[in-house]
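Remarks on the structure that follows.
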Amino acid sequence: MRITVNGETAEIRSATLAAAIEELGYGEARVATAVNETFVPSALREGHELSPGDRLEILAPRQGG
C-alpha cells in the first residue's frame, strides 16, 4: 500500500503501524509515531491498522548538549 512517511511517498506491505515501523527499518529503535497528525503510543501500534494514503510521521529522539 502507498503511504507517506515523513513527507516522502513509500510503498509498504505492512498492515499495522508496528509492522510498518519494522519494515521501514526502525526495528527496536525508540521512536515517537503519529498517523494523520494523531500521536500513536507504542503500546497501541500493534493494533493500529494503516490505510492507503495515511500520513505517518516517525520521530527519533535527539541527543546532544
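Naming scheme: A, B, ... for chains in displayed order of the C-alpha cells; residues 1 onward per chain; ligands 1 onward as shown.
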
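Contact shell of Glu57 of chain A at 7 Å (only C-alpha atoms; same-chain neighbours under 2 positions omitted): Val5, Asn6, Thr33, Ala34, Val35, Arg55 and Leu59 of chain A.
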
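Of the residues in segment 2-64 of chain A, those that DSSP places in strand (DSSP E) on the basis of the backbone are Arg2, Ile3, Thr4, Val5, Glu8, Thr9, Ala10, Glu11, Ala32, Thr33, Ala34, Val35, Thr38, Phe39, Val40, Arg55, Leu56, Glu57, Ile58 and Leu59 of chain A.
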
Create the file for the chosen residues now, containing N, CA, C and O atoms and written as a PDB file, in the first residue's frame.
```pdb
ATOM      1  N   ARG A   2       0.394   2.305  -0.554  1.00  0.00           N
ATOM      2  CA  ARG A   2       1.154   3.552  -0.632  1.00  0.00           C
ATOM      3  C   ARG A   2       0.728   4.474   0.511  1.00  0.00           C
ATOM      4  O   ARG A   2      -0.452   4.757   0.690  1.00  0.00           O
ATOM      5  N   ILE A   3       1.724   4.903   1.295  1.00  0.00           N
ATOM      6  CA  ILE A   3       1.508   5.867   2.369  1.00  0.00           C
ATOM      7  C   ILE A   3       2.587   6.937   2.262  1.00  0.00           C
ATOM      8  O   ILE A   3       3.499   6.832   1.447  1.00  0.00           O
ATOM      9  N   THR A   4       2.493   7.950   3.092  1.00  0.00           N
ATOM     10  CA  THR A   4       3.522   8.984   3.173  1.00  0.00           C
ATOM     11  C   THR A   4       4.242   8.822   4.507  1.00  0.00           C
ATOM     12  O   THR A   4       3.599   8.764   5.556  1.00  0.00           O
ATOM     13  N   VAL A   5       5.563   8.733   4.453  1.00  0.00           N
ATOM     14  CA  VAL A   5       6.377   8.572   5.661  1.00  0.00           C
ATOM     15  C   VAL A   5       7.314   9.763   5.749  1.00  0.00           C
ATOM     16  O   VAL A   5       8.159   9.964   4.877  1.00  0.00           O
ATOM     17  N   GLU A   8       7.610  11.720   2.601  1.00  0.00           N
ATOM     18  CA  GLU A   8       8.033  11.019   1.390  1.00  0.00           C
ATOM     19  C   GLU A   8       7.072   9.864   1.101  1.00  0.00           C
ATOM     20  O   GLU A   8       6.689   9.132   2.014  1.00  0.00           O
ATOM     21  N   THR A   9       6.726   9.674  -0.151  1.00  0.00           N
ATOM     22  CA  THR A   9       5.868   8.557  -0.527  1.00  0.00           C
ATOM     23  C   THR A   9       6.619   7.246  -0.360  1.00  0.00           C
ATOM     24  O   THR A   9       7.790   7.140  -0.716  1.00  0.00           O
ATOM     25  N   ALA A  10       5.936   6.259   0.231  1.00  0.00           N
ATOM     26  CA  ALA A  10       6.538   4.941   0.446  1.00  0.00           C
ATOM     27  C   ALA A  10       5.519   3.864   0.109  1.00  0.00           C
ATOM     28  O   ALA A  10       4.321   4.038   0.327  1.00  0.00           O
ATOM     29  N   GLU A  11       6.013   2.775  -0.413  1.00  0.00           N
ATOM     30  CA  GLU A  11       5.188   1.598  -0.697  1.00  0.00           C
ATOM     31  C   GLU A  11       5.547   0.548   0.342  1.00  0.00           C
ATOM     32  O   GLU A  11       6.709   0.160   0.470  1.00  0.00           O
ATOM     33  N   ALA A  32       8.895   8.091  18.335  1.00  0.00           N
ATOM     34  CA  ALA A  32       7.525   8.570  18.516  1.00  0.00           C
ATOM     35  C   ALA A  32       6.842   8.469  17.164  1.00  0.00           C
ATOM     36  O   ALA A  32       7.473   8.680  16.123  1.00  0.00           O
ATOM     37  N   THR A  33       5.557   8.134  17.174  1.00  0.00           N
ATOM     38  CA  THR A  33       4.843   7.973  15.913  1.00  0.00           C
ATOM     39  C   THR A  33       3.523   8.737  15.927  1.00  0.00           C
ATOM     40  O   THR A  33       2.868   8.861  16.963  1.00  0.00           O
ATOM     41  N   ALA A  34       3.157   9.215  14.744  1.00  0.00           N
ATOM     42  CA  ALA A  34       1.855   9.846  14.544  1.00  0.00           C
ATOM     43  C   ALA A  34       1.325   9.387  13.194  1.00  0.00           C
ATOM     44  O   ALA A  34       2.083   9.261  12.233  1.00  0.00           O
ATOM     45  N   VAL A  35       0.039   9.118  13.137  1.00  0.00           N
ATOM     46  CA  VAL A  35      -0.623   8.759  11.890  1.00  0.00           C
ATOM     47  C   VAL A  35      -1.701   9.803  11.645  1.00  0.00           C
ATOM     48  O   VAL A  35      -2.567  10.031  12.506  1.00  0.00           O
ATOM     49  N   THR A  38      -2.097  12.371  14.355  1.00  0.00           N
ATOM     50  CA  THR A  38      -2.551  11.926  15.667  1.00  0.00           C
ATOM     51  C   THR A  38      -1.491  11.013  16.273  1.00  0.00           C
ATOM     52  O   THR A  38      -1.123   9.997  15.684  1.00  0.00           O
ATOM     53  N   PHE A  39      -1.001  11.386  17.461  1.00  0.00           N
ATOM     54  CA  PHE A  39       0.013  10.606  18.165  1.00  0.00           C
ATOM     55  C   PHE A  39      -0.499   9.194  18.429  1.00  0.00           C
ATOM     56  O   PHE A  39      -1.645   9.004  18.851  1.00  0.00           O
ATOM     57  N   VAL A  40       0.346   8.198  18.191  1.00  0.00           N
ATOM     58  CA  VAL A  40       0.013   6.801  18.488  1.00  0.00           C
ATOM     59  C   VAL A  40       1.066   6.266  19.451  1.00  0.00           C
ATOM     60  O   VAL A  40       2.232   6.098  19.078  1.00  0.00           O
ATOM     61  N   ARG A  55      -0.744   9.236   6.438  1.00  0.00           N
ATOM     62  CA  ARG A  55       0.473  10.026   6.606  1.00  0.00           C
ATOM     63  C   ARG A  55       1.108   9.623   7.932  1.00  0.00           C
ATOM     64  O   ARG A  55       0.549   9.855   8.990  1.00  0.00           O
ATOM     65  N   LEU A  56       2.277   9.021   7.850  1.00  0.00           N
ATOM     66  CA  LEU A  56       2.985   8.521   9.026  1.00  0.00           C
ATOM     67  C   LEU A  56       4.197   9.400   9.300  1.00  0.00           C
ATOM     68  O   LEU A  56       4.970   9.697   8.396  1.00  0.00           O
ATOM     69  N   GLU A  57       4.319   9.833  10.545  1.00  0.00           N
ATOM     70  CA  GLU A  57       5.489  10.574  10.996  1.00  0.00           C
ATOM     71  C   GLU A  57       6.207   9.715  12.015  1.00  0.00           C
ATOM     72  O   GLU A  57       5.581   9.197  12.949  1.00  0.00           O
ATOM     73  N   ILE A  58       7.512   9.533  11.834  1.00  0.00           N
ATOM     74  CA  ILE A  58       8.348   8.773  12.761  1.00  0.00           C
ATOM     75  C   ILE A  58       9.455   9.705  13.219  1.00  0.00           C
ATOM     76  O   ILE A  58      10.238  10.192  12.415  1.00  0.00           O
ATOM     77  N   LEU A  59       9.498   9.939  14.522  1.00  0.00           N
ATOM     78  CA  LEU A  59      10.475  10.879  15.076  1.00  0.00           C
ATOM     79  C   LEU A  59      11.358  10.160  16.091  1.00  0.00           C
ATOM     80  O   LEU A  59      10.862   9.524  17.002  1.00  0.00           O
TER      81      LEU A  59
END
```

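For Thr16 of chain A, the list of residues within 7 Å, based on only C-alpha atoms and with local chain neighbours fewer than 3 positions off taken out, reads A:Ala19, A:Ala20, A:Glu46, A:Gly47, A:His48, A:Glu49, A:Leu50.
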
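When atom CA of Ala60 of chain A is paired with atom CA of Met1 of chain A, their separation reads 23.7 Å.
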
### Message
One decimal, in Å: what's the spacing between atom CA of Ser42 of chain A and atom CA of Gly7 of chain A?
### Response
20.9 Å

### Task
Give the alpha helix (DSSP H) residues of chain A, as assigned by DSSP on the backbone, as a ChimeraX atom specification.
/A:17-23

### Message
Which residues are close to segment 23-25 of chain A, i.e. within 9 Å by only C-alpha atoms, leaving aside same-chain residues fewer than 6 positions away? Reply as an NGL selection string.
### Response
:A and (12-14)
